[in-house]
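Chemist: Structure in structure tokens, see below.
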Amino acid sequence: MKQRQSVLKNIIGGSAGNLVEWFDWYVYSAFALYFASSFFPEGDATAQLLQTAAIFAIGFVVRPIGAWLMGIYADRRGRKAGLTLSVSLMCFGSLLIAIAPTYAQAGILSPAILLLARIIQGLSLGGEYGSSATYLSEIADRDRRGFWSSFQYVTIIGGQLAALGLLVVLQLLLGEGAMQAWGWRIGFFAGAVLAVVVFIIRRRLDETQSFANVAARPDRRKSSARNLFRHHPREALLVIALTAGGTASFYAYTIYLQKFLANTSGFDRATASQIMTAALALMLLMQPVAGRLSDRLGRKPLMIFFGVCATLFTYPIFVALEQTDSVAVAFALALASLVIVTGYTSINAIVKAELFPADIRALGVALPYAIANAVFGGSAEYVALYLKDVGHERWFYIYISALAACSLIAYIRMRETRTSSLIEEG
């Protein structure tokens, strides 16, 4: 009983930290409809969003660097040390955006500060994913690893939901004018304060037994990118392949869909935010259910479900959303897309962690994932807005479907990691 309580304490502590990390990250996209004109005053709404999306994508470009540096740090110094460092960087990045001057006040310095802040946050999040995925996977008991590791995306979605929820509350309390002028800064200030709280929580977490065991071995192999791709090339490439369609779909169905509802479907910004907030709340509840299902049926069936459905239904869902003016229909279609992507989000962390030995697990989870996320995830919104801007918006739906089809091939060919896991403790 005492051991179970200790596991629960560490899961909650690690998950709470991950939620705040992702809250800080998603505040940018959730509030972009309001602060875009403060940093990029020229052009129409789509052009301004395109420029903020470009900086959003740049944050993803540096995530592999953060994954490389902080993945090695977490493998060498411990999962707890990696988690603490990542939240410190995220706090600094959020605070920097909160106090950044507008273009009218500082000219080109304004978007430059925004870019610097997102680079810092990108470095943080690049390391956060590997550290948190590894920590949650290693701290969990063997029979419930899918269930407990699903809380990584519970907190990722929770962070996005909290950002959207704060946006909805501020929209109701402040109104459009105040939100446009200064209200958007509240989200970044909130993220910085919460990050300080998480820093304190993470300092009190227990280290995982997997790391303790491997750290005690004098002959352990050093964690490095060279050793990762030299000794585990198949697993590293598999992580990239299984991530490509999943991360692109996730960002298309969540981050971009909020803007799609306002910019293409024609809903006002507050209604679009409310639709996505409600749909994401239900998606959050699906994650542990799907994670537990993977403990019983295996990881592959869920990932194949996602791959098949995303390939077949992404295009018709977006086309239907183009043509609806009904809040209920838009909500149902958004929820359907989130049910589909749950087959990936609920278990992708544990699948990756189970592929690698403990001495290189944090880097093995983080770096290939960050590479795929930079190429396919962070760019998804930019690709969507660019294709809309040039008059070929539906090409984006085909693009997401094609990526899901490519990942589906990897899901079918990969081994069942639940029965071949390299996580020995738990």
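How things are named: the first chain in the structure tokens is A, the next is B, and so on; residues count from 1 in each chain; ligands count from 1 in the order shown.
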Neighbours of stretch 263-270 of chain A within 12 Å (only C-alpha atoms; same-chain residues fewer than 2 positions away dropped), as a PDB file with C-alpha atoms, in the first residue's frame?
Modeler:
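Produced file out_0.pdb, reproduced below:
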```
ATOM      1  CA  ALA A  30      -4.662  29.985 -27.759  1.00  0.00           C
ATOM      2  CA  PHE A  31      -4.094  33.737 -27.399  1.00  0.00           C
ATOM      3  CA  ALA A  32      -2.571  34.272 -30.861  1.00  0.00           C
ATOM      4  CA  LEU A  33      -5.901  35.581 -32.216  1.00  0.00           C
ATOM      5  CA  TYR A  34      -5.451  38.563 -29.890  1.00  0.00           C
ATOM      6  CA  ASP A  44      -5.032  41.032 -42.738  1.00  0.00           C
ATOM      7  CA  ALA A  45      -5.960  38.541 -40.025  1.00  0.00           C
ATOM      8  CA  THR A  46      -4.692  35.506 -41.957  1.00  0.00           C
ATOM      9  CA  ALA A  47      -1.342  37.204 -42.684  1.00  0.00           C
ATOM     10  CA  LEU A  49      -1.725  34.567 -37.906  1.00  0.00           C
ATOM     11  CA  LEU A  50       0.656  33.242 -40.535  1.00  0.00           C
ATOM     12  CA  LEU A 164      -8.330  27.679 -23.717  1.00  0.00           C
ATOM     13  CA  GLY A 165     -10.345  27.784 -20.482  1.00  0.00           C
ATOM     14  CA  LEU A 166      -8.442  30.837 -19.281  1.00  0.00           C
ATOM     15  CA  LEU A 167      -9.014  32.430 -22.685  1.00  0.00           C
ATOM     16  CA  VAL A 168     -12.771  31.814 -22.490  1.00  0.00           C
ATOM     17  CA  VAL A 169     -12.955  33.266 -18.962  1.00  0.00           C
ATOM     18  CA  LEU A 170     -10.965  36.349 -19.950  1.00  0.00           C
ATOM     19  CA  GLN A 171     -13.112  36.816 -23.059  1.00  0.00           C
ATOM     20  CA  LEU A 172     -16.220  36.854 -20.868  1.00  0.00           C
ATOM     21  CA  LEU A 173     -14.725  39.138 -18.221  1.00  0.00           C
ATOM     22  CA  GLY A 175     -14.330  41.661 -23.779  1.00  0.00           C
ATOM     23  CA  GLU A 176     -12.682  41.902 -27.198  1.00  0.00           C
ATOM     24  CA  MET A 179      -8.193  41.270 -24.738  1.00  0.00           C
ATOM     25  CA  TYR A 256      -5.232  24.544 -35.885  1.00  0.00           C
ATOM     26  CA  LEU A 257      -8.872  23.531 -35.544  1.00  0.00           C
ATOM     27  CA  GLN A 258      -9.586  26.408 -33.152  1.00  0.00           C
ATOM     28  CA  LYS A 259      -8.417  28.892 -35.796  1.00  0.00           C
ATOM     29  CA  PHE A 260     -10.104  26.906 -38.584  1.00  0.00           C
ATOM     30  CA  LEU A 261     -13.478  27.282 -36.870  1.00  0.00           C
ATOM     31  CA  ALA A 272     -14.615  28.665 -31.653  1.00  0.00           C
ATOM     32  CA  SER A 273     -12.732  28.651 -28.337  1.00  0.00           C
ATOM     33  CA  GLN A 274     -15.764  27.281 -26.471  1.00  0.00           C
ATOM     34  CA  ILE A 275     -16.279  24.448 -28.996  1.00  0.00           C
ATOM     35  CA  MET A 276     -12.660  23.339 -28.701  1.00  0.00           C
ATOM     36  CA  THR A 277     -12.633  23.677 -24.909  1.00  0.00           C
ATOM     37  CA  PHE A 318     -12.634  19.102 -42.454  1.00  0.00           C
ATOM     38  CA  VAL A 319     -14.850  19.467 -45.532  1.00  0.00           C
ATOM     39  CA  ALA A 320     -17.937  19.062 -43.357  1.00  0.00           C
ATOM     40  CA  LEU A 321     -16.598  21.665 -40.930  1.00  0.00           C
ATOM     41  CA  GLU A 322     -16.136  24.105 -43.821  1.00  0.00           C
ATOM     42  CA  GLN A 323     -19.806  23.943 -44.595  1.00  0.00           C
ATOM     43  CA  THR A 324     -21.502  23.983 -41.190  1.00  0.00           C
ATOM     44  CA  ASP A 325     -22.805  26.925 -39.215  1.00  0.00           C
ATOM     45  CA  SER A 326     -24.175  24.725 -36.440  1.00  0.00           C
ATOM     46  CA  VAL A 327     -22.344  24.747 -33.112  1.00  0.00           C
ATOM     47  CA  VAL A 329     -22.390  19.808 -35.645  1.00  0.00           C
ATOM     48  CA  ALA A 330     -19.023  21.545 -35.339  1.00  0.00           C
ATOM     49  CA  PHE A 331     -18.613  20.152 -31.822  1.00  0.00           C
ATOM     50  CA  ALA A 384      -2.523  24.931 -43.194  1.00  0.00           C
ATOM     51  CA  LEU A 385      -2.528  28.735 -43.102  1.00  0.00           C
ATOM     52  CA  LYS A 388      -5.405  28.715 -47.216  1.00  0.00           C
ATOM     53  CA  ASP A 389      -3.594  31.938 -48.087  1.00  0.00           C
ATOM     54  CA  GLY A 391      -6.255  29.339 -52.185  1.00  0.00           C
ATOM     55  CA  GLU A 393      -6.864  24.920 -48.213  1.00  0.00           C
ATOM     56  CA  ARG A 394      -8.077  21.385 -48.951  1.00  0.00           C
TER      57      ARG A 394
END
```
Chemist: Please list as a ChimeraX atom specification every residue within 8 Å of A:Ser15, counting only C-alpha atoms and excluding residues in the same chain fewer than 2 positions away.
Modeler: /A:11-13,17-19,132,151-152,155
Chemist: What is the distance between atom CA of A:Val197 and atom CA of A:Ile97, in Å to one decimal?
Modeler: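 The value is 18.9 Å.
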Chemist: Name the closest residue to A:Ile240 among the candidates A:Arg299, A:Arg142, A:Lys352, A:Arg292; distances are taken between atoms, counting only C-alpha atoms.
Modeler: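 Going through A:Arg299, A:Arg142, A:Lys352, A:Arg292 one by one, the smallest distance to A:Ile240 is for A:Lys352.
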Chemist: Return the single residue from A:Tyr28, A:Trp182, A:Tyr397, A:Tyr253 that is closest to A:Ile340, with distances computed using only C-alpha atoms.
Modeler: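 Counting only C-alpha atoms, the residue closest to A:Ile340 is A:Tyr253.
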Chemist: Using only C-alpha atoms, which protein or nucleic acid residues come within 9 Å of A:Phe60? Drop anything in the same chain fewer than 2 positions from it, and give the result as a PyMOL selection string.
Modeler: chain A and resi 55-58+62-64+118-119+122-123+125-126+370-371+373-375+377-379
Chemist: Go ahead and save the picked residues with C-alpha atoms, as a short mmCIF file (atom, residue, chain, number, x, y, z; two decimals), in the first residue's frame.
Modeler:
```cif
data_model
loop_
_atom_site.label_atom_id
_atom_site.label_comp_id
_atom_site.auth_asym_id
_atom_site.auth_seq_id
_atom_site.Cartn_x
_atom_site.Cartn_y
_atom_site.Cartn_z
CA ILE A 55 7.33 31.72 -34.84
CA PHE A 56 5.28 28.86 -33.34
CA ALA A 57 6.94 26.55 -35.88
CA ILE A 58 10.42 27.92 -35.05
CA VAL A 62 14.73 24.13 -31.78
CA ARG A 63 12.98 21.33 -29.89
CA PRO A 64 15.38 18.68 -31.27
CA ARG A 118 9.71 30.83 -28.14
CA ILE A 119 13.21 29.48 -28.78
CA GLY A 122 11.18 25.19 -27.50
CA LEU A 123 14.42 24.10 -25.84
CA LEU A 125 9.74 21.46 -24.23
CA GLY A 126 12.20 19.45 -26.30
CA ALA A 370 11.41 16.07 -31.44
CA ILE A 371 12.79 15.69 -34.96
CA ASN A 373 7.55 16.92 -34.24
CA ALA A 374 9.63 19.77 -35.66
CA VAL A 375 9.13 18.60 -39.23
CA GLY A 377 3.90 18.80 -35.90
CA GLY A 378 5.14 22.34 -35.44
CA SER A 379 4.77 23.09 -39.13
#
```
Chemist: Between atom CA of A:Phe313 and atom CA of A:Leu403, what distance in Å does the model show, to one decimal?
Modeler: 12.9 Å
Chemist: Mind dumping a table of every stretch 16-85 of chain A residue within 10 Å of stretch 190-194 of chain A, with the nearest atom pair and its distance in Å to one decimal, using only C-alpha atoms, sorted by chain and rising number, as a Markdown table?
Modeler:
```
| residue | atom | partner | partner_atom | distance |
| --- | --- | --- | --- | --- |
| A:Gly17 | CA | A:Leu194 | CA | 9.0 |
| A:Leu19 | CA | A:Leu194 | CA | 9.9 |
| A:Val20 | CA | A:Leu194 | CA | 6.5 |
| A:Glu21 | CA | A:Gly191 | CA | 8.1 |
| A:Trp22 | CA | A:Gly191 | CA | 9.3 |
| A:Phe23 | CA | A:Gly191 | CA | 6.7 |
| A:Asp24 | CA | A:Gly191 | CA | 5.0 |
| A:Trp25 | CA | A:Gly191 | CA | 8.7 |
| A:Tyr26 | CA | A:Gly191 | CA | 9.9 |
| A:Val27 | CA | A:Gly191 | CA | 8.0 |
```
